[in-house]
Amino acid sequence: MRVALFVTCLVDGLYPDVGKATVALLERLGHEVVVPRGQTCCGQMHVNTGYAGQAVPIVRNHVEAFADAEVVVTPSGSCAGSVRHQHADVARAHGDAALGDRADRVARRTYELSEFLVDVLGVTDVGAYFPHRVTYHPTCHSLRVLDVGDRPLRLLRAVRGIDLVELPAAETCCGFGGTFALKNADTSTAMLADKMRAVLDTGARVLTAGDSSCLMHIGGGLSRLRAGVRPLHLAQVLASTADRPVEVAR
């Protein structure tokens, strides 16, 4: 299968290793990966902060970048959620029904990484090896917008060597929420403190999730505590193999 990778802003700008891991994983499973050069932001930040009109050109650009893709995969539940549940509505609300229809077609071919692996490829064992104690944080958009359920956990449970431990109060938000963390800093910090305590209670060396934004938020807090817990995206854990392990020590 020819897979178009929707990289996302955070991965492109701050966490390129997540994009590389996604490509390595999909290629290991026998698929060709292309990265459309025209892609930029999904526009979620604009929509969520009340600037939906300004998001219309961004939606149009995204649709044009991925119009010819057989399937689109992104290592982000948040961005996949925006494409699937915001793009067409934003276009139609601002008078562009044709763009809305095109956005619908792209949305139907767009998958978050764990969805694609489990639902489209029908695999849970991707041949990964990761001999570390790991806990998993299910991000809000993956749970509540995409309804990915236990797909990431099914993939993690099949990783050889892993010591996967349950995260207490896993489904509570980490407090990031994009601009929420800026506009409501005190509340965000309190939510982060609760999440960090839950992570530390597991004794895990690695915290994984399907969104780099949440890992940035939680990982930043843990680094300030010098907690010795490394945030790693789900793609990085799944891309790790015995002959090409992902480094955990910091």
# chains A, B, ... in the order shown; residues from 1 in each chain; ligands from 1

call {"tool": "residues_around", "arguments": {"residues": "Thr187 (chain A)", "least_positions_apart": "4", "cutoff": "8 Å", "atoms": "only C-alpha atoms", "output": "ChimeraX atom specification"}}
result
/A:175,181,191

call {"tool": "select_by_dssp", "arguments": {"residues": "region 18-235 of chain A", "states": "strand (DSSP E or B)", "output": "PyMOL selection string"}}
result
chain A and resi 32-34+71-74+110-112+129+133-136+160+163-165+206-209+230-233

call {"tool": "write_last_selection", "arguments": {"atoms": "N, CA, C and O atoms", "output": "compact mmCIF listing (two decimals), in the first residue's frame"}}
result
# COMPACT_ATOMS: atom_id res chain seq x y z
N GLU A 32 4.91 1.41 1.12
CA GLU A 32 5.63 2.57 0.61
C GLU A 32 5.08 3.82 1.31
O GLU A 32 3.87 3.99 1.42
N VAL A 33 5.97 4.68 1.77
CA VAL A 33 5.54 5.90 2.45
C VAL A 33 6.00 7.11 1.65
O VAL A 33 7.17 7.21 1.28
N VAL A 34 5.06 8.02 1.40
CA VAL A 34 5.39 9.28 0.74
C VAL A 34 5.00 10.42 1.68
O VAL A 34 4.10 10.27 2.51
N VAL A 71 -4.26 6.46 1.05
CA VAL A 71 -4.56 6.46 2.47
C VAL A 71 -3.61 7.45 3.14
O VAL A 71 -2.46 7.60 2.72
N VAL A 72 -4.11 8.15 4.17
CA VAL A 72 -3.31 9.13 4.91
C VAL A 72 -3.17 8.64 6.34
O VAL A 72 -4.17 8.29 6.99
N VAL A 73 -1.94 8.63 6.85
CA VAL A 73 -1.68 8.18 8.22
C VAL A 73 -0.95 9.29 8.95
O VAL A 73 -0.04 9.92 8.40
N THR A 74 -1.35 9.53 10.20
CA THR A 74 -0.69 10.54 11.00
C THR A 74 -0.42 10.02 12.41
O THR A 74 -1.26 9.32 12.98
N THR A 110 -8.26 9.08 6.11
CA THR A 110 -7.27 9.52 7.09
C THR A 110 -7.38 8.70 8.38
O THR A 110 -8.48 8.54 8.91
N TYR A 111 -6.25 8.22 8.87
CA TYR A 111 -6.22 7.38 10.06
C TYR A 111 -5.11 7.82 11.01
O TYR A 111 -4.00 8.16 10.57
N GLU A 112 -5.40 7.79 12.28
CA GLU A 112 -4.36 7.84 13.31
C GLU A 112 -3.57 6.53 13.23
O GLU A 112 -4.11 5.50 12.83
N TYR A 129 10.50 -4.85 19.55
CA TYR A 129 11.19 -5.34 20.74
C TYR A 129 11.60 -4.13 21.56
O TYR A 129 12.31 -3.24 21.09
N ARG A 133 10.29 -0.90 31.11
CA ARG A 133 9.02 -0.71 31.83
C ARG A 133 8.34 0.55 31.26
O ARG A 133 8.89 1.65 31.31
N VAL A 134 7.12 0.36 30.76
CA VAL A 134 6.43 1.40 30.00
C VAL A 134 5.02 1.59 30.56
O VAL A 134 4.35 0.63 30.94
N THR A 135 4.57 2.84 30.59
CA THR A 135 3.17 3.11 30.88
C THR A 135 2.61 3.98 29.76
O THR A 135 3.34 4.74 29.11
N TYR A 136 1.30 3.84 29.52
CA TYR A 136 0.66 4.48 28.36
C TYR A 136 -0.39 5.49 28.80
O TYR A 136 -1.28 5.18 29.61
N ARG A 160 7.58 -7.45 22.15
CA ARG A 160 8.42 -8.40 22.89
C ARG A 160 9.31 -7.67 23.89
O ARG A 160 9.88 -6.63 23.58
N ASP A 163 7.60 -4.39 29.57
CA ASP A 163 6.93 -4.51 30.87
C ASP A 163 5.91 -3.38 30.91
O ASP A 163 6.22 -2.26 31.31
N LEU A 164 4.69 -3.65 30.45
CA LEU A 164 3.66 -2.64 30.32
C LEU A 164 2.83 -2.56 31.59
O LEU A 164 2.21 -3.54 31.99
N VAL A 165 2.83 -1.39 32.22
CA VAL A 165 2.12 -1.22 33.48
C VAL A 165 0.99 -0.21 33.30
O VAL A 165 1.13 0.79 32.58
N VAL A 206 9.59 4.69 30.87
CA VAL A 206 9.14 5.30 29.62
C VAL A 206 7.65 5.59 29.71
O VAL A 206 6.86 4.74 30.13
N LEU A 207 7.27 6.80 29.32
CA LEU A 207 5.87 7.17 29.15
C LEU A 207 5.61 7.28 27.66
O LEU A 207 6.31 8.00 26.94
N THR A 208 4.59 6.56 27.18
CA THR A 208 4.27 6.64 25.76
C THR A 208 2.84 7.11 25.56
O THR A 208 1.99 7.00 26.45
N ALA A 209 2.59 7.67 24.39
CA ALA A 209 1.27 8.17 24.02
C ALA A 209 1.25 8.32 22.50
O ALA A 209 2.28 8.21 21.84
N ARG A 230 11.44 8.85 30.46
CA ARG A 230 11.56 9.40 29.11
C ARG A 230 10.24 9.31 28.37
O ARG A 230 9.63 8.24 28.30
N PRO A 231 9.76 10.43 27.80
CA PRO A 231 8.57 10.37 26.96
C PRO A 231 8.94 9.88 25.56
O PRO A 231 9.87 10.42 24.93
N LEU A 232 8.24 8.88 25.07
CA LEU A 232 8.47 8.35 23.73
C LEU A 232 7.13 8.13 23.05
O LEU A 232 6.23 7.51 23.63
N HIS A 233 7.02 8.58 21.84
CA HIS A 233 5.78 8.38 21.09
C HIS A 233 5.56 6.89 20.81
O HIS A 233 6.51 6.11 20.70

call {"tool": "closest_residue", "arguments": {"among": "A:Gln39, A:Ser188, A:Thr241, A:Thr22", "to": "Ile218 (chain A)", "atoms": "only C-alpha atoms"}}
result
A:Ser188

call {"tool": "residues_around", "arguments": {"residues": "region 222-226 of chain A", "least_positions_apart": "6", "cutoff": "12 Å", "atoms": "only C-alpha atoms", "output": "list in words"}}
result
Leu192, Ala193, Asp194, Lys195, Met196, Arg197, Ala198, Val199, Leu200, Arg205, Val206, Leu207, Leu215, Met216 and Arg250 of chain A

call {"tool": "write_last_selection", "arguments": {"atoms": "N, CA, C and O atoms", "output": "mmCIF file, in the first residue's frame"}}
result
data_model
loop_
_atom_site.group_PDB
_atom_site.id
_atom_site.type_symbol
_atom_site.label_atom_id
_atom_site.label_comp_id
_atom_site.auth_asym_id
_atom_site.auth_seq_id
_atom_site.Cartn_x
_atom_site.Cartn_y
_atom_site.Cartn_z
ATOM 1 N N LEU A 192 -1.462 18.787 35.304
ATOM 2 C CA LEU A 192 -0.171 18.166 34.990
ATOM 3 C C LEU A 192 0.423 17.495 36.220
ATOM 4 O O LEU A 192 0.961 16.383 36.133
ATOM 5 N N ALA A 193 0.325 18.137 37.369
ATOM 6 C CA ALA A 193 0.871 17.565 38.603
ATOM 7 C C ALA A 193 0.211 16.227 38.924
ATOM 8 O O ALA A 193 0.887 15.268 39.317
ATOM 9 N N ASP A 194 -1.103 16.153 38.741
ATOM 10 C CA ASP A 194 -1.812 14.888 38.975
ATOM 11 C C ASP A 194 -1.337 13.808 38.006
ATOM 12 O O ASP A 194 -1.130 12.654 38.397
ATOM 13 N N LYS A 195 -1.165 14.193 36.752
ATOM 14 C CA LYS A 195 -0.742 13.210 35.745
ATOM 15 C C LYS A 195 0.683 12.738 36.020
ATOM 16 O O LYS A 195 0.990 11.537 35.907
ATOM 17 N N MET A 196 1.559 13.646 36.392
ATOM 18 C CA MET A 196 2.945 13.253 36.682
ATOM 19 C C MET A 196 3.009 12.309 37.882
ATOM 20 O O MET A 196 3.775 11.341 37.871
ATOM 21 N N ARG A 197 2.195 12.572 38.899
ATOM 22 C CA ARG A 197 2.161 11.691 40.058
ATOM 23 C C ARG A 197 1.730 10.296 39.643
ATOM 24 O O ARG A 197 2.300 9.295 40.092
ATOM 25 N N ALA A 198 0.736 10.202 38.780
ATOM 26 C CA ALA A 198 0.271 8.901 38.311
ATOM 27 C C ALA A 198 1.376 8.176 37.546
ATOM 28 O O ALA A 198 1.589 6.966 37.719
ATOM 29 N N VAL A 199 2.102 8.910 36.708
ATOM 30 C CA VAL A 199 3.200 8.301 35.942
ATOM 31 C C VAL A 199 4.283 7.800 36.890
ATOM 32 O O VAL A 199 4.774 6.657 36.765
ATOM 33 N N LEU A 200 4.661 8.605 37.849
ATOM 34 C CA LEU A 200 5.722 8.215 38.785
ATOM 35 C C LEU A 200 5.316 7.020 39.637
ATOM 36 O O LEU A 200 6.158 6.183 39.987
ATOM 37 N N ARG A 205 9.990 3.584 33.259
ATOM 38 C CA ARG A 205 11.100 4.368 32.722
ATOM 39 C C ARG A 205 10.694 5.137 31.486
ATOM 40 O O ARG A 205 11.375 6.092 31.086
ATOM 41 N N VAL A 206 9.589 4.688 30.870
ATOM 42 C CA VAL A 206 9.137 5.303 29.619
ATOM 43 C C VAL A 206 7.649 5.595 29.713
ATOM 44 O O VAL A 206 6.864 4.742 30.131
ATOM 45 N N LEU A 207 7.272 6.801 29.315
ATOM 46 C CA LEU A 207 5.872 7.173 29.149
ATOM 47 C C LEU A 207 5.611 7.276 27.657
ATOM 48 O O LEU A 207 6.307 7.997 26.943
ATOM 49 N N LEU A 215 2.882 14.438 25.199
ATOM 50 C CA LEU A 215 4.194 13.994 25.680
ATOM 51 C C LEU A 215 5.109 15.184 25.943
ATOM 52 O O LEU A 215 5.911 15.152 26.878
ATOM 53 N N MET A 216 4.987 16.233 25.141
ATOM 54 C CA MET A 216 5.770 17.444 25.374
ATOM 55 C C MET A 216 5.405 18.062 26.722
ATOM 56 O O MET A 216 6.289 18.460 27.499
ATOM 57 N N ARG A 250 18.837 8.688 29.139
ATOM 58 C CA ARG A 250 18.939 10.113 28.784
ATOM 59 C C ARG A 250 20.243 10.689 29.331
ATOM 60 O O ARG A 250 20.710 10.263 30.358
#

call {"tool": "select_by_dssp", "arguments": {"residues": "region 85-226 of chain A", "states": "alpha helix (DSSP H)", "output": "ChimeraX atom specification"}}
result
/A:85,87-93,97-108,113-115,140-144,151-157,180-183,185-202,212-224

call {"tool": "closest_residue", "arguments": {"among": "A:Ala65, A:Ala107, A:Ala52, A:Glu115", "to": "His94 (chain A)", "atoms": "only C-alpha atoms"}}
result
A:Ala52

call {"tool": "residues_around", "arguments": {"residues": "Ala98 (chain A)", "least_positions_apart": "5", "cutoff": "12 Å", "atoms": "only C-alpha atoms", "output": "PyMOL selection string"}}
result
chain A and resi 60+63+88-93+103-105

call {"tool": "closest_residue", "arguments": {"among": "A:Cys9, A:Val59, A:Leu14, A:Leu121", "to": "Val47 (chain A)", "atoms": "only C-alpha atoms"}}
result
A:Val59

call {"tool": "closest_residue", "arguments": {"among": "A:Val11, A:Glu64, A:Val118, A:Gln44", "to": "Gln86 (chain A)", "atoms": "only C-alpha atoms"}}
result
A:Gln44

call {"tool": "atom_distance", "arguments": {"atom1": "CA of Ser82 (chain A)", "atom2": "CA of Ala97 (chain A)"}}
result
17.8 Å

call {"tool": "closest_residue", "arguments": {"among": "A:Ser212, A:Glu27, A:Pro138, A:Phe176", "to": "Thr8 (chain A)", "atoms": "only C-alpha atoms"}}
result
A:Ser212

call {"tool": "residues_around", "arguments": {"residues": "His141 (chain A)", "least_positions_apart": "5", "cutoff": "8 Å", "atoms": "only C-alpha atoms", "output": "ChimeraX atom specification"}}
result
/A:77-78,81,146

call {"tool": "write_last_selection", "arguments": {"atoms": "C-alpha atoms", "output": "mmCIF file, in the first residue's frame"}}
result
data_model
loop_
_atom_site.group_PDB
_atom_site.id
_atom_site.type_symbol
_atom_site.label_atom_id
_atom_site.label_comp_id
_atom_site.auth_asym_id
_atom_site.auth_seq_id
_atom_site.Cartn_x
_atom_site.Cartn_y
_atom_site.Cartn_z
ATOM 1 C CA GLY A 77 -4.938 11.498 17.401
ATOM 2 C CA SER A 78 -5.420 15.237 17.786
ATOM 3 C CA GLY A 81 -9.478 14.255 14.844
ATOM 4 C CA LEU A 146 -11.515 9.288 17.461
#

call {"tool": "closest_residue", "arguments": {"among": "A:Phe66, A:Phe180, A:Tyr51, A:Phe116", "to": "Val83 (chain A)", "atoms": "only C-alpha atoms"}}
result
A:Phe66

call {"tool": "atom_distance", "arguments": {"atom1": "CA of Val18 (chain A)", "atom2": "CA of Pro75 (chain A)"}}
result
7.6 Å

call {"tool": "atom_distance", "arguments": {"atom1": "CA of Ile58 (chain A)", "atom2": "CA of Gly38 (chain A)"}}
result
10.9 Å
